[in-house]
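In what follows, a single structure is set out as structure tokens and then discussed.
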Number of protein chains: 4
Amino acid sequence: MKVSVIGATGYAGAELLRILSNHPEVEVAAITSESHTGTGITEIYPHLAGFYDKKLTSMKDLDQFADSQAVFIGLPHGHAMAIGRPLAEQGIKVIDLGADYRFRDESIYEAWYKVEHTHRNSGAVYGLTELYRQQIRSASIVGNAGCYTTASILALAPLAKSHLIDTKNIVVDAKSGVSGAGRGLSQNVHMAEMSENLKAYSIAGHRHTPEIEQALQEISGQDSLISFTPHLIPMSRGILSTCYATLQEGVKPEDIDQAFHEMYGQEFFIRLLGPGGYPAVKHTRGSNFCDLGWHIDSRTNRVIVVSAIDNLVKGAAGQAVQNFNVMFGFKEDSGLKQVALYP
Amino acid sequence: MKVSVIGATGYAGAELLRILSNHPEVEVAAITSESHTGTGITEIYPHLAGFYDKKLTSMKDLDQFADSQAVFIGLPHGHAMAIGRPLAEQGIKVIDLGADYRFRDESIYEAWYKVEHTHRNSGAVYGLTELYRQQIRSASIVGNAGCYTTASILALAPLAKSHLIDTKNIVVDAKSGVSGAGRGLSQNVHMAEMSENLKAYSIAGHRHTPEIEQALQEISGQDSLISFTPHLIPMSRGILSTCYATLQEGVKPEDIDQAFHEMYGQEFFIRLLGPGGYPAVKHTRGSNFCDLGWHIDSRTNRVIVVSAIDNLVKGAAGQAVQNFNVMFGFKEDSGLKQVALYP
Amino acid sequence: MKVSVIGATGYAGAELLRILSNHPEVEVAAITSESHTGTGITEIYPHLAGFYDKKLTSMKDLDQFADSQAVFIGLPHGHAMAIGRPLAEQGIKVIDLGADYRFRDESIYEAWYKVEHTHRNSGAVYGLTELYRQQIRSASIVGNAGCYTTASILALAPLAKSHLIDTKNIVVDAKSGVSGAGRGLSQNVHMAEMSENLKAYSIAGHRHTPEIEQALQEISGQDSLISFTPHLIPMSRGILSTCYATLQEGVKPEDIDQAFHEMYGQEFFIRLLGPGGYPAVKHTRGSNFCDLGWHIDSRTNRVIVVSAIDNLVKGAAGQAVQNFNVMFGFKEDSGLKQVALYP
Amino acid sequence: MKVSVIGATGYAGAELLRILSNHPEVEVAAITSESHTGTGITEIYPHLAGFYDKKLTSMKDLDQFADSQAVFIGLPHGHAMAIGRPLAEQGIKVIDLGADYRFRDESIYEAWYKVEHTHRNSGAVYGLTELYRQQIRSASIVGNAGCYTTASILALAPLAKSHLIDTKNIVVDAKSGVSGAGRGLSQNVHMAEMSENLKAYSIAGHRHTPEIEQALQEISGQDSLISFTPHLIPMSRGILSTCYATLQEGVKPEDIDQAFHEMYGQEFFIRLLGPGGYPAVKHTRGSNFCDLGWHIDSRTNRVIVVSAIDNLVKGAAGQAVQNFNVMFGFKEDSGLKQVALYP
């Protein structure tokens with residue numbers, strides 16, 4: 001089966017190419033980049049030499065996608081809608097790695113992203129595989145979950161679903177490697193300045209906030225309100241999300257354990273380290289796993305859940321392929337059954 | 001004036017030697033290490049060559065401290081009490097960088113550290129300079145504040161003092177470089193495993209928790225209860241503490257600004273980045289500064305304060321020298337007026 | 001086909017398990033560790049969870065290898081000989097990742113390693129696949145090439161074979177990530193001390209020196225003498241080897257290009273970046289590639305060849321599996337056709 | 001005494017400000033930046049807050065330097081000549097941190113830098129303090145030595161002066177942290193790509209080559225020819241230079257030791273680790289030291305000298321201040337007597 005990748009030169013796009021090279025059912029057709037049209041992909045990413053011998057094209061030529069059954073989009077938010085609509089209308093399945101198709105209520109998207117939504121009622125399904133698998137199966141468009149959101153929602157979903165926590169009183173303190181800031185250049189990602197450095201950003205205003213709240217509301221049937229703070233960590237890849245929630249009255253430790261095991265007991269890509277477990281991002285590096293551990297702070301009546309993922313895999317390209325596998329009925333771990341790179 | 005350093009081979013001890021080498025009023029007399037007695041300090045720390053040409057002695061020989069007017073102690077908790085008592089009895093001022101002298105109520109120390117306190121009613125003063133300066137001036141023993149605690153208390157103290165926040169509903173999510181784990185070896189600090197890694201530890205049980213609560217209670221006159229989570233970050237030095245507190249009713253942004261400026265407006269070592277400010281640990285690297293920024297999350301009615309320090313300077317040796325300067329009436333920035341090493 | 005791994009808890013052993021989990025023809029039978037006998041492998045390496053659910057055994061129980069057709073050995077030098085002999089005698093093929101079987105002349109091994117060689121005339125073949133493929137095909141024992149040596153020999157072999165350089169006047173300046181120092185603990189690998197650090201070690205005495213010389217002599221038919229200097233670099237994985245050789249009289253740039261293309265033009269795992277090319281270790285991270293670039297310094301009449309590998313893959317476990325594939329007639333890239341993890 | 005800094009926003013300029021803040025004899029007057037004229041220096045470098053409260057000016061206003069007795073220039077090569085000439089003509093002493101004033105023979109500068117030299121016969125002295133101290137004392141213009149060159153020349157000078165090595169057969173393999181690439185942005189310094197990465201660059205063409213050769217020729221009175229290869233290392237600061245030279249006939253180990261001790265025995269900023277010594281860049285971090293160790297490879301008849309410096313201190317701003325101290329008769333270590341930041 002042929003698939004194409006729009007926006008192949010961003011980090012998520014390059015990671016898609018890495019993963020798809022290992023997918024037994026897939027052949028990559030077109031790969032596009034508006035800023036590097038005509039350039040060979042290995043000139044930009046020499047690590048792909050031996051696997052891809054293609055030139056980047058412009059996405060404006062829609063004909064090149066005609067024989068692709070699915071197209072992955074790795075564009076900045078606001079740009080996927082314009083190309084997603086014609087692709088969907090041609091019957092090509094779309095997996096967008098950006099934010100354009102993540103919100104059930106487009107007005108929330110417009111409020112946080114300051115962009116008009118031009119593809120309303122697209123029927124897009126939210127692409128957090130473990131929680132929306134059933135809907136993804138028959139979806140034409142999937143709005144792949146964000147990196148921070150994947151880590152944070154997977155950490156809190158079992159507790160929200162089982163009504164063990166107050167969904168309106170949650171703090172999510174998340175930490176990401178610098179690849180999360182994208183391939184673009186800024187003083188922020190200059191290694192001389194970011195090495196041995198550490199800082200918070202976008203406090204009380206990061207756009208992944210409403211995405212987490214949307215999911216927790218749908219899962220719990222209750223309003224959700226979180227304080228979300230992202231941090232830049234001096235490493236290339238990986239997200240650790242530390243989530244603090246206040247326990248409802250009478251919740252016992254075994255209730256919490258049960259909630260996690262009920263929701264994730266059969267999930268290959270979610271590894272439960274159990275109560276007292278400490279996920280480490282390096283154990284997920286390059287893999288599609290999300291590792292989870294949880295802790296009860298009885299003095300403060302809080303539960304603290306820690307999750308670790310690779311932001312470019314389970315937080316982007318890996319989950320996109322997982323969703324793709326679900327959409328087309330392939331084995332869900334096709335192309336994804338890889339051990340993390342450790343140490 | 002002569003001073004001595006007990007436990008000079010730990011990272012805090014070595015950092016003391018670095019700072020004291022630059023102190024105009026001080027000559028270092030004895031430096032001790034029980035595990036390396038007889039070894040030259042530059043064999044262990046070649047970076048000190050050119051400044052120190054001393055051999056390490058055993059602290060058991062009390063006579064060597066006779067002409068020291070102050071002794072810094074850099075021993076693991078539980079070991080400072082035994083040497084602190086005889087030193088204090090000889091009239092030598094003691095600055096302990098460990099936990100033994102930090103608690104007003106020794107039973108809290110015993111509960112969290114699982115060690116019997118053998119030097120009760122020592123009259124020790126808590127060594128967080130900006131908050132306890134008056135008492136430190138006349139103290140014989142100072143229990144220097146811990147690294148996480150310095151960063152966290154400085155972030156929250158103005159809000160606690162002005163009663164702008166609920167001191168019983170606080171989350172402190174703190175991140176530290178690996179030097180915070182000490183010089184001892186463990187798989188945790190193996191660079192092959194910790195580079196590009198990130199994890200939480202000691203959730204709901206870290207011993208800096210009661211230290212932060214003690215300070216917030218004294219400052220606010222109210223009970224305090226916090227969830228404190230430390231994290232190990234892939235860098236050598238630095239702490240970033242992200243503190244989440246719920247605002248009391250009716251608090252306005254200018255109240256918060258005012259609280260910070262009232263408390264710290266005249267402090268050289270505290271730099272206020274203001275509302276919306278983002279401290280970065282690298283801006284404090286090797287210096288005694290604590291940088292502070294604060295943010296209001298009006299959706300959730302929280303204030304989020306971020307603080308950055310160098311864990312070995314303001315979080316240990318630097319603050320110890322600052323306290324020493326206060327105790328002896330030297331200029332408070334003697335030996336400490338140094339720009340951070342950036343980039 | 002069943003295979004076993006002796007010494008599975010070192011970094012090379014863990015990397016073997018990662019690669020073998022992806023090998024279509026292989027099932028891992030026994031995994032051993034003398035220091036962790038009885039422990040589950042995922043307790044030591046949580047990143048293997050989901051792939052291995054085994055306990056470590058002692059290698060002393062030879063029966064457990066009876067149904068393995070091949071055994072990989074990841075022991076420190078001096079320990080493989082004792083177990084290699086009985087395995088070979090049972091007809092089990094042995095791939096040793098250490099130094100015991102690398103030397104054609106065991107007295108050189110004894111001189112550099114200060115260990116008596118107890119398995120002489122074993123018929124072992126040197127396991128640098130691209131250069132010894134023919135002999136590896138029928139080998140019973142393979143002494144897998146070392147990490148520095150793989151990078152260095154692959155860089156120089158074409159020039160040595162074509163007699164373009166003076167093989168007695170070579171400088172190899174090699175740089176390795178800290179995983180090359182092994183999983184054992186030392187102050188050297190403490191992240192607080194090694195992060196943002198860099199140093200040389202074992203100058204004029206590193207044991208990979210005679211291994212490089214042996215290969216260059218066999219390839220060129222001439223004596224070889226090199227100055228080899230390894231360095232420790234603040235990163236986890238990767239080796240960059242910068243090799244300086246004096247050109248023979250009359251050598252033209254195209255002779256050099258031709259030598260590389262003749263020797264490696266058909267090799268999948270060697271990527272020729274050509275004259276003026278600059279390999280970067282990150283482009284090979286987690287992959288079995290060796291990237292090569294070469295430069296002529298006409299002022300000094302030298303050729304400078306730079307090679308990059310992942311020390312744990314092409315420099316250890318990956319090449320071991322490549323050799324295994326050759327020994328058993330599998331596709332040479334089985335289990336190894338993976339894109340590097342970049343960025 | 002007043003001094004000014006032209007080009008204060010580059011890394012070397014910022015480091016000058018750090019060091020000068022600690023200099024007892026100096027007050028900083030003007031600080032300039034053509035790209036950030038009018039901006040406060042602490043907006044660009046928040047770590048300088050508390051020490052500098054100045055706005056950046058344009059260097060075009062020459063009047064502002066009238067009361068400065070010395071001006072440091074931190075501009076890219078080719079730009080210092082235009083401003084250096086009028087300053088010198090006004091009797092202001094100039095310390096240029098770039099390449100414009102480093103070459104005795106300006107045609108070598110022009111050949112390697114591809115820029116016309118517009119300030120010939122300026123009387124500039126080469127600013128490698130330990131080797132040119134006598135001339136620096138009375139210099140009006142100093143062309144501060146480059147970073148790689150300082151490390152490399154200091155390593156080889158004693159051997160060249162004592163004629164112990166063949167100065168026409170030298171390999172210098174140097175490794176630098178990314179701050180050496182400057183503050184400008186490029187994919188090369190993006191932390192996601194450079195972290196855990198390592199590569200060579202400018203092989204056989206780096207502009208520090210002729211600078212090293214010039215110094216070795218002057219010291220030895222013999223022609224010099226070196227192969228110089230720089231590498232980018234995943235760290236912020238520091239240079240390690242590994243220098244390979246062939247010994248002249250009959251040279252004994254003690255001759256080498258003697259050469260180093262004769263030349264550097266009285267130098268505070270050069271620390272001799274002796275034969276068998278291994279400098280580590282972190283031991284020099286933030287300090288003005290150059291650490292040296294040397295090794296004889298008797299098999300190949302080579303001596304291998306390793307040197308470590310902080311590229312921004314001894315390799316740039318620190319040595320500039322050291323030269324300034326010499327020029328004005330201050331204590332040579334004024335503002336520079338600081339212990340390295342370790343760990």
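Just so we're on the same page: first chain in the structure tokens is A, next is B, and so on; residues restart at 1 for each chain, and ligands are numbered from 1 in the order they show up.
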Residues near Glu254 in chain C, cut-off 10 Å, only C-alpha atoms, skip fewer than 5 positions along chain, as a CSV table (one decimal) with N, CA, C and O atoms, in the first residue's frame:
chain,number,residue,atom,x,y,z
C,259,ALA,N,39.6,3.8,-4.6
C,259,ALA,CA,39.9,2.7,-3.6
C,259,ALA,C,38.7,2.5,-2.6
C,259,ALA,O,38.3,1.4,-2.3
C,260,PHE,N,38.1,3.6,-2.3
C,260,PHE,CA,36.9,3.5,-1.4
C,260,PHE,C,35.7,2.8,-2.1
C,260,PHE,O,35.0,2.0,-1.6
C,275,PRO,N,34.7,12.4,-1.1
C,275,PRO,CA,35.7,13.4,-0.7
C,275,PRO,C,35.1,14.6,-0.2
C,275,PRO,O,34.1,15.1,-0.7
Dump as CSV the rows for residues of chain D within 10 Å of chain A: closest atom pair and distance in Å with one decimal, only C-alpha atoms counted, ordered by chain and rising residue number.
residue,atom,partner,partner_atom,distance
D:Tyr11,CA,A:Ala192,CA,9.6
D:Gly177,CA,A:Ala192,CA,7.7
D:Val178,CA,A:Ala192,CA,5.6
D:Ser179,CA,A:Ala192,CA,5.1
D:Gly180,CA,A:Ala192,CA,8.8
D:Ala181,CA,A:Ala192,CA,9.0
D:Gly182,CA,A:Ala192,CA,8.7
D:Arg183,CA,A:His190,CA,7.8
D:Gly184,CA,A:Gln187,CA,8.3
D:Leu185,CA,A:Leu185,CA,6.4
D:Ser186,CA,A:Leu185,CA,6.8
D:Gln187,CA,A:Leu185,CA,7.1
D:Asn188,CA,A:His190,CA,9.0
D:Val189,CA,A:His190,CA,5.4
D:His190,CA,A:His190,CA,5.1
D:Met191,CA,A:Met191,CA,4.3
D:Ala192,CA,A:Ser236,CA,4.3
D:Glu193,CA,A:Ser236,CA,7.3
D:Met194,CA,A:Met191,CA,7.0
D:Ser195,CA,A:Ser236,CA,6.4
D:Glu196,CA,A:Ser236,CA,8.3
D:Pro234,CA,A:Met191,CA,7.9
D:Met235,CA,A:Ser195,CA,6.8
D:Ser236,CA,A:Ala192,CA,4.4
D:Arg237,CA,A:Ala192,CA,7.5
Show me, as a VMD selection string, the residues that have an atom within 9 Å of Thr57 in chain B when counting only C-alpha atoms, minus same-chain residues fewer than 2 positions from it. chain B and resid 30 to 34 36 to 39 55 59 to 61
Write out as a ChimeraX atom specification each polymer residue whose atoms come within 12 Å of range 129-137 of chain B, counting only C-alpha atoms; drop sequence neighbours fewer than 4 positions from it. /B:93-95,123-125,141-146,150-151,153-158,161,215-216,218-219,263-270,288-290,314-316,318-330,332-333
Write the residues of the selection above to a file with C-alpha atoms, as an mmCIF file, in the first residue's frame.
data_model
loop_
_atom_site.group_PDB
_atom_site.id
_atom_site.type_symbol
_atom_site.label_atom_id
_atom_site.label_comp_id
_atom_site.auth_asym_id
_atom_site.auth_seq_id
_atom_site.Cartn_x
_atom_site.Cartn_y
_atom_site.Cartn_z
ATOM 1 C CA LYS B 93 30.817 29.151 64.881
ATOM 2 C CA VAL B 94 29.355 26.307 62.882
ATOM 3 C CA ILE B 95 27.683 26.399 59.463
ATOM 4 C CA GLY B 123 20.108 27.246 69.367
ATOM 5 C CA ALA B 124 20.728 26.666 65.674
ATOM 6 C CA VAL B 125 19.215 29.153 63.243
ATOM 7 C CA ILE B 141 25.159 27.437 64.698
ATOM 8 C CA VAL B 142 23.469 27.785 61.347
ATOM 9 C CA GLY B 143 21.632 24.935 59.673
ATOM 10 C CA ASN B 144 22.136 25.972 56.061
ATOM 11 C CA ALA B 145 18.967 25.567 53.976
ATOM 12 C CA GLY B 146 18.763 22.690 51.516
ATOM 13 C CA THR B 150 16.025 27.345 49.084
ATOM 14 C CA ALA B 151 14.604 27.497 45.577
ATOM 15 C CA ILE B 153 10.830 28.741 49.837
ATOM 16 C CA LEU B 154 12.207 31.825 48.132
ATOM 17 C CA ALA B 155 9.571 31.357 45.429
ATOM 18 C CA LEU B 156 6.648 31.083 47.844
ATOM 19 C CA ALA B 157 7.643 33.156 50.869
ATOM 20 C CA PRO B 158 6.307 36.550 49.688
ATOM 21 C CA LYS B 161 3.763 36.147 54.184
ATOM 22 C CA ALA B 215 9.474 27.814 56.629
ATOM 23 C CA LEU B 216 6.101 28.552 55.061
ATOM 24 C CA GLU B 218 6.758 30.406 60.212
ATOM 25 C CA ILE B 219 6.424 33.045 57.541
ATOM 26 C CA MET B 263 10.241 41.227 50.354
ATOM 27 C CA TYR B 264 13.054 41.142 47.830
ATOM 28 C CA GLY B 265 13.316 44.619 46.364
ATOM 29 C CA GLN B 266 16.580 45.293 48.201
ATOM 30 C CA GLU B 267 18.100 41.843 47.902
ATOM 31 C CA PHE B 268 21.162 41.618 45.683
ATOM 32 C CA PHE B 269 21.045 37.866 45.302
ATOM 33 C CA ILE B 270 17.401 37.688 44.323
ATOM 34 C CA ASN B 288 24.696 32.858 44.211
ATOM 35 C CA PHE B 289 21.592 34.276 42.530
ATOM 36 C CA CYS B 290 18.031 33.095 42.790
ATOM 37 C CA LYS B 314 22.777 29.424 46.453
ATOM 38 C CA GLY B 315 21.560 25.887 47.219
ATOM 39 C CA ALA B 316 24.634 24.976 49.304
ATOM 40 C CA GLY B 318 27.267 29.979 48.305
ATOM 41 C CA GLN B 319 24.493 30.461 50.799
ATOM 42 C CA ALA B 320 26.746 28.989 53.491
ATOM 43 C CA VAL B 321 29.299 31.722 52.792
ATOM 44 C CA GLN B 322 26.508 34.291 52.645
ATOM 45 C CA ASN B 323 25.414 33.160 56.115
ATOM 46 C CA PHE B 324 29.018 33.197 57.287
ATOM 47 C CA ASN B 325 29.348 36.780 56.054
ATOM 48 C CA VAL B 326 26.238 37.753 57.996
ATOM 49 C CA MET B 327 27.447 35.993 61.146
ATOM 50 C CA PHE B 328 30.759 37.833 61.106
ATOM 51 C CA GLY B 329 29.582 41.188 59.850
ATOM 52 C CA PHE B 330 31.392 41.028 56.518
ATOM 53 C CA GLU B 332 27.146 39.973 52.539
ATOM 54 C CA ASP B 333 28.435 39.495 49.012
#
Please identify all polymer residues within 10 Å of range 42-45 of chain B, counting only C-alpha atoms, omitting same-chain residues fewer than 3 positions from it, and present them as an MDAnalysis selection string. (chainID B and resid 9 11 14 36 39 48:56) or (chainID D and resid 283 342:343)
Output N, CA, C and O atoms of each residue in that selection to a file, as an mmCIF file, in the first residue's frame.
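Okay, out.cif is ready:
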data_model
loop_
_atom_site.group_PDB
_atom_site.id
_atom_site.type_symbol
_atom_site.label_atom_id
_atom_site.label_comp_id
_atom_site.auth_asym_id
_atom_site.auth_seq_id
_atom_site.Cartn_x
_atom_site.Cartn_y
_atom_site.Cartn_z
ATOM 1 N N THR B 9 35.482 16.786 50.524
ATOM 2 C CA THR B 9 35.578 16.109 49.227
ATOM 3 C C THR B 9 34.235 15.876 48.556
ATOM 4 O O THR B 9 34.188 15.410 47.423
ATOM 5 N N TYR B 11 30.722 17.343 46.789
ATOM 6 C CA TYR B 11 30.597 18.454 45.837
ATOM 7 C C TYR B 11 30.395 19.794 46.546
ATOM 8 O O TYR B 11 30.913 20.819 46.115
ATOM 9 N N ALA B 14 33.804 20.907 47.914
ATOM 10 C CA ALA B 14 34.683 21.422 46.865
ATOM 11 C C ALA B 14 34.230 22.808 46.415
ATOM 12 O O ALA B 14 35.045 23.684 46.125
ATOM 13 N N HIS B 36 39.424 10.037 52.742
ATOM 14 C CA HIS B 36 40.640 10.350 51.979
ATOM 15 C C HIS B 36 41.698 11.020 52.845
ATOM 16 O O HIS B 36 42.509 11.802 52.339
ATOM 17 N N THR B 39 45.371 12.397 51.772
ATOM 18 C CA THR B 39 45.462 12.682 50.333
ATOM 19 C C THR B 39 45.467 14.186 50.097
ATOM 20 O O THR B 39 44.796 14.940 50.802
ATOM 21 N N LEU B 48 41.367 22.504 41.572
ATOM 22 C CA LEU B 48 41.771 23.393 42.664
ATOM 23 C C LEU B 48 43.273 23.678 42.654
ATOM 24 O O LEU B 48 43.758 24.473 43.472
ATOM 25 N N ALA B 49 43.999 23.036 41.755
ATOM 26 C CA ALA B 49 45.451 23.257 41.692
ATOM 27 C C ALA B 49 45.740 24.730 41.415
ATOM 28 O O ALA B 49 45.110 25.347 40.561
ATOM 29 N N GLY B 50 46.696 25.266 42.130
ATOM 30 C CA GLY B 50 47.024 26.683 42.008
ATOM 31 C C GLY B 50 46.421 27.489 43.144
ATOM 32 O O GLY B 50 46.805 28.631 43.383
ATOM 33 N N PHE B 51 45.461 26.877 43.853
ATOM 34 C CA PHE B 51 44.778 27.581 44.937
ATOM 35 C C PHE B 51 44.964 26.890 46.281
ATOM 36 O O PHE B 51 45.044 27.539 47.313
ATOM 37 N N TYR B 52 44.990 25.584 46.258
ATOM 38 C CA TYR B 52 45.114 24.827 47.504
ATOM 39 C C TYR B 52 46.244 23.824 47.348
ATOM 40 O O TYR B 52 46.340 23.148 46.326
ATOM 41 N N ASP B 53 47.026 23.727 48.387
ATOM 42 C CA ASP B 53 48.144 22.802 48.359
ATOM 43 C C ASP B 53 48.129 22.033 49.681
ATOM 44 O O ASP B 53 49.135 21.918 50.362
ATOM 45 N N LYS B 54 46.936 21.581 50.036
ATOM 46 C CA LYS B 54 46.751 20.989 51.358
ATOM 47 C C LYS B 54 46.462 19.509 51.267
ATOM 48 O O LYS B 54 45.943 19.024 50.276
ATOM 49 N N LYS B 55 46.745 18.839 52.371
ATOM 50 C CA LYS B 55 46.344 17.449 52.512
ATOM 51 C C LYS B 55 45.080 17.385 53.368
ATOM 52 O O LYS B 55 44.889 18.191 54.286
ATOM 53 N N LEU B 56 44.255 16.420 53.082
ATOM 54 C CA LEU B 56 43.047 16.210 53.876
ATOM 55 C C LEU B 56 43.413 15.559 55.196
ATOM 56 O O LEU B 56 44.260 14.659 55.256
ATOM 57 N N HIS D 283 38.116 20.722 34.161
ATOM 58 C CA HIS D 283 38.968 21.277 35.214
ATOM 59 C C HIS D 283 39.395 22.711 34.913
ATOM 60 O O HIS D 283 39.967 23.380 35.770
ATOM 61 N N TYR D 342 33.633 23.295 38.781
ATOM 62 C CA TYR D 342 33.634 21.829 38.686
ATOM 63 C C TYR D 342 32.896 21.256 39.876
ATOM 64 O O TYR D 342 33.176 21.724 40.983
ATOM 65 N N PRO D 343 32.035 20.317 39.825
ATOM 66 C CA PRO D 343 31.673 19.636 38.579
ATOM 67 C C PRO D 343 30.621 20.471 37.845
ATOM 68 O O PRO D 343 30.133 21.437 38.376
#
Would you please extract all strand (DSSP E or B) residues from range 180-313 of chain C, as assigned by DSSP on the backbone, and give them as a count of residues only? 43
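If only C-alpha atoms are the atoms counted, then among C:Asn22, C:Thr149, C:Ser58, C:Ser334 the closest residue to Ser35 in chain C is C:Ser58.
Distance-wise, CA of Ser298 in chain D and CA of Pro210 in chain D end up 28.9 Å apart.
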